[in-house]
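Some notes on the structure that comes next.
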Amino acid sequence: GEEVAQTPKHLVRGEGQKAKLYCAPIKGHSYVFWYQQVLKNEFKFLISFQNENVFDETGMPKERFSAKCLPNSPCSLEIQATKLEDSAVYFCASSRTFGEWNTEAFFGQGTRLTVV
Amino acid sequence: QQQVKQSPQSLIVQKGGISIINCAYENTAFDYFPWYQQFPGKGPALLIAIRPDVSEKKEGRFTISFNKSAKQFSLHIMDSQPGDSATYFCAALLAGRRALTFGSGTRLQVQP
């Protein structure tokens with residue numbers, strides 16, 4: 001597709017429940033990124049993939065967060081045992097393999113996760 | 001530790017005026033500096049970007065000014081329009097890392 005598709009748009013979970021978010025990158029894009037945007041607009045990088053391989057996971061909380069990008073499937077971000085502080089908008093972005101400087105990332109519309 | 005500092009937090013400009021948003025960075029290994037525009041309920045969209053070997057880049061009403069020695073860059077929106085009202089984020093990219101480091105955002109309101 002020509003846009004990054006994220007589902008669902010909204011997700012409400014009780015504390016301790018699992019949350020799973022999905023992202024279909026733009027066709028032909030090799031890199032997928034997950035970012036967390038909290039209420040004060042701050043973006044926090046979580047993880048990136050190059051095709052199905054983890055490229056950079058330095059932003060991922062170690063314990064409850066996991067992510068996958070499997071061939072022929074949407075990428076996913078899963079949060080086990082959600083906490084109130086996980087409430088945020090989660091953005092997925094994808095980019096084509098360009099030269100080092102030209103790295104335009106296209107963002108999806110985000111999934112708003114509310115933990116109650 | 002915030003590696004990209006953005007100011008102001010909010011900005012009100014009259015229609016036709018110039019909007020100026022500033023960013024400062026710390027890490028000299030950053031080599032790509034994009035600006036993103038975000039409307040409520042939407043994802044950020046790339047507006048304009050610059051490399052550190054260029055001091056200015058202009059695309060339509062949008063200009064990035066880049067000062068490598070001061071480690072600062074700014075976005076200028078000429079002839080600001082109400083449709084420009086959005087949140088603007090500067091960002092920086094480390095070579096080889098591909099993940100963006102964002103500034104904290106500037107909420108721009110252009111009054112008619």
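Chain labels A, B, ... are given in the sequence in which chains occur in the structure tokens; within each chain residues are numbered consecutively from 1, and ligands are likewise numbered from 1 in the order shown.
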
Within 6 Å of chain A, which residues of chain B come that close, and what is the closest atom pair and distance in Å for each? Count only C-alpha atoms and give it as a tab-separated table.
```
residue	atom	partner	partner_atom	distance
B:Lys42	CA	A:Gln109	CA	4.8
B:Gly43	CA	A:Gln109	CA	4.5
B:Ser104	CA	A:Glu42	CA	5.3
```

Give me, as an mmCIF file with all heavy atoms, in the first residue's frame, all polymer residues having an atom no more than 7 Å from Phe102 in chain B, counting only C-alpha atoms and skipping those fewer than 2 positions away in the same chain.
```
data_model
loop_
_atom_site.group_PDB
_atom_site.id
_atom_site.type_symbol
_atom_site.label_atom_id
_atom_site.label_comp_id
_atom_site.auth_asym_id
_atom_site.auth_seq_id
_atom_site.Cartn_x
_atom_site.Cartn_y
_atom_site.Cartn_z
ATOM 1 N N PHE A 43 8.172 12.242 21.706
ATOM 2 C CA PHE A 43 8.316 10.974 20.995
ATOM 3 C C PHE A 43 9.447 10.178 21.623
ATOM 4 O O PHE A 43 10.538 10.692 21.822
ATOM 5 C CB PHE A 43 8.675 11.209 19.524
ATOM 6 C CG PHE A 43 7.510 11.585 18.665
ATOM 7 C CD1 PHE A 43 7.203 12.908 18.443
ATOM 8 C CD2 PHE A 43 6.728 10.601 18.076
ATOM 9 C CE1 PHE A 43 6.133 13.259 17.639
ATOM 10 C CE2 PHE A 43 5.656 10.942 17.270
ATOM 11 C CZ PHE A 43 5.355 12.268 17.050
ATOM 12 N N VAL B 4 17.888 16.869 21.557
ATOM 13 C CA VAL B 4 17.439 17.928 20.660
ATOM 14 C C VAL B 4 16.459 18.796 21.439
ATOM 15 O O VAL B 4 15.403 18.325 21.851
ATOM 16 C CB VAL B 4 16.756 17.353 19.398
ATOM 17 C CG1 VAL B 4 16.301 18.478 18.491
ATOM 18 C CG2 VAL B 4 17.703 16.418 18.650
ATOM 19 N N PHE B 89 7.695 19.483 14.784
ATOM 20 C CA PHE B 89 8.774 18.803 15.492
ATOM 21 C C PHE B 89 10.045 18.869 14.662
ATOM 22 O O PHE B 89 10.047 18.523 13.478
ATOM 23 C CB PHE B 89 8.435 17.321 15.706
ATOM 24 C CG PHE B 89 7.306 17.080 16.658
ATOM 25 C CD1 PHE B 89 5.993 17.011 16.204
ATOM 26 C CD2 PHE B 89 7.547 16.904 18.012
ATOM 27 C CE1 PHE B 89 4.946 16.782 17.076
ATOM 28 C CE2 PHE B 89 6.499 16.675 18.898
ATOM 29 C CZ PHE B 89 5.197 16.613 18.428
ATOM 30 N N CYS B 90 11.125 19.309 15.297
ATOM 31 C CA CYS B 90 12.419 19.107 14.664
ATOM 32 C C CYS B 90 12.913 17.731 15.078
ATOM 33 O O CYS B 90 12.435 17.141 16.058
ATOM 34 C CB CYS B 90 13.415 20.188 15.066
ATOM 35 S SG CYS B 90 13.804 20.253 16.826
ATOM 36 N N ALA B 91 13.839 17.210 14.315
ATOM 37 C CA ALA B 91 14.382 15.893 14.623
ATOM 38 C C ALA B 91 15.816 15.813 14.108
ATOM 39 O O ALA B 91 16.268 16.675 13.340
ATOM 40 C CB ALA B 91 13.528 14.791 14.000
ATOM 41 N N ALA B 92 16.512 14.806 14.541
ATOM 42 C CA ALA B 92 17.881 14.585 14.088
ATOM 43 C C ALA B 92 18.122 13.095 13.996
ATOM 44 O O ALA B 92 17.505 12.300 14.718
ATOM 45 C CB ALA B 92 18.867 15.239 15.059
ATOM 46 N N LEU B 100 14.902 8.349 14.538
ATOM 47 C CA LEU B 100 14.918 9.786 14.752
ATOM 48 C C LEU B 100 14.908 10.131 16.234
ATOM 49 O O LEU B 100 14.245 9.473 17.033
ATOM 50 C CB LEU B 100 13.685 10.413 14.086
ATOM 51 C CG LEU B 100 13.654 10.345 12.553
ATOM 52 C CD1 LEU B 100 12.240 10.583 12.050
ATOM 53 C CD2 LEU B 100 14.617 11.357 11.967
ATOM 54 N N SER B 104 10.830 18.480 21.354
ATOM 55 C CA SER B 104 9.623 18.366 22.174
ATOM 56 C C SER B 104 8.388 18.967 21.517
ATOM 57 O O SER B 104 7.290 18.870 22.060
ATOM 58 C CB SER B 104 9.852 19.023 23.533
ATOM 59 O OG SER B 104 10.308 20.342 23.338
#
```

Task: Pick from A:Gln37, A:Ala24, A:Met60, A:Asn53 nearest to Gly41 in chain B, counting only C-alpha atoms - done: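 Using only C-alpha atoms, Gly41 in chain B sits closest to A:Gln37.
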
TODO: For Leu46 in chain B, work out the shell of residues within 7 Å, counting only C-alpha atoms and skipping chain neighbours fewer than 4 positions away, then give it as a ChimeraX atom specification.
DONE: /B:34-37

TODO: For Glu63 in chain A, list every protein, DNA or RNA residue within 10 Å, evaluated using only C-alpha atoms, and leave out those in the same chain fewer than 6 positions away; present the list as a list in words.
DONE: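 Using only C-alpha atoms, the neighbours found are Ile79, Gln80 and Ala81 of chain A.
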
TODO: Name the residues of chain A that fall into strand (DSSP E) according to DSSP on the backbone, using the chain letters and numbers of this document, as a PyMOL selection string.
DONE: chain A and resi 5-7+10-13+19-24+31-37+43-50+53-56+65-68+75-79+88-95+106-107+111-115

Open item on the list: What's around Ser76 in chain A at 6 Å? Count only C-alpha atoms, leave out sequence neighbours fewer than 5 positions away in its own chain, and write the answer as a list in words.
Closed with: Leu21, Tyr22, Ala67 and Lys68 of chain A

Any chance you could export the current selection's all heavy atoms as a short mmCIF file (atom, residue, chain, number, x, y, z; two decimals), in the first residue's frame?
```cif
data_model
loop_
_atom_site.label_atom_id
_atom_site.label_comp_id
_atom_site.auth_asym_id
_atom_site.auth_seq_id
_atom_site.Cartn_x
_atom_site.Cartn_y
_atom_site.Cartn_z
N LEU A 21 -0.72 -4.25 19.03
CA LEU A 21 -0.90 -3.23 18.02
C LEU A 21 -0.28 -3.75 16.72
O LEU A 21 0.74 -4.45 16.74
CB LEU A 21 -0.20 -1.93 18.43
CG LEU A 21 -0.72 -1.12 19.62
CD1 LEU A 21 -0.71 -1.88 20.93
CD2 LEU A 21 0.08 0.16 19.75
N TYR A 22 -0.88 -3.34 15.59
CA TYR A 22 -0.42 -3.83 14.31
C TYR A 22 -0.04 -2.70 13.37
O TYR A 22 -0.60 -1.60 13.44
CB TYR A 22 -1.52 -4.69 13.66
CG TYR A 22 -1.86 -5.92 14.45
CD1 TYR A 22 -2.88 -5.90 15.40
CD2 TYR A 22 -1.14 -7.10 14.27
CE1 TYR A 22 -3.18 -7.03 16.14
CE2 TYR A 22 -1.44 -8.24 15.01
CZ TYR A 22 -2.46 -8.20 15.94
OH TYR A 22 -2.76 -9.31 16.67
N ALA A 67 8.17 -7.03 20.08
CA ALA A 67 7.73 -6.65 18.74
C ALA A 67 8.25 -7.66 17.73
O ALA A 67 9.27 -8.31 17.95
CB ALA A 67 8.23 -5.25 18.38
N LYS A 68 7.50 -7.78 16.63
CA LYS A 68 7.88 -8.71 15.57
C LYS A 68 7.53 -8.11 14.22
O LYS A 68 6.57 -7.35 14.09
CB LYS A 68 7.11 -10.03 15.69
CG LYS A 68 7.45 -10.88 16.87
CD LYS A 68 6.59 -12.14 16.86
CE LYS A 68 6.79 -12.93 18.14
NZ LYS A 68 5.88 -14.10 18.19
#
```

Task: Interatomic distance, CA of Asp31 in chain B to CA of Thr106 in chain B (Å, one decimal) - done: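 So the two atoms, CA of Asp31 in chain B and CA of Thr106 in chain B, lie 22.1 Å apart.
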
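Distance-wise, CA of Pro8 in chain B and CA of Gly103 in chain B end up 10.8 Å apart.
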
- [ ] Name all residues at most 10 Å from Glu85 in chain A (count only C-alpha atoms; drop same-chain ones fewer than 4 positions away) and give them as a list in words.
- [x]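 Non-adjacent residues within range: Glu15, Val38, Thr114, Val115 and Val116 of chain A.
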
- [ ] Tell me, as a PyMOL selection string, which residues lie within 7 Å of Pro52 in chain B, counting only C-alpha atoms; anything in the same chain fewer than 2 positions away does not count.
- [x] chain B and resi 31-32+50+54+68
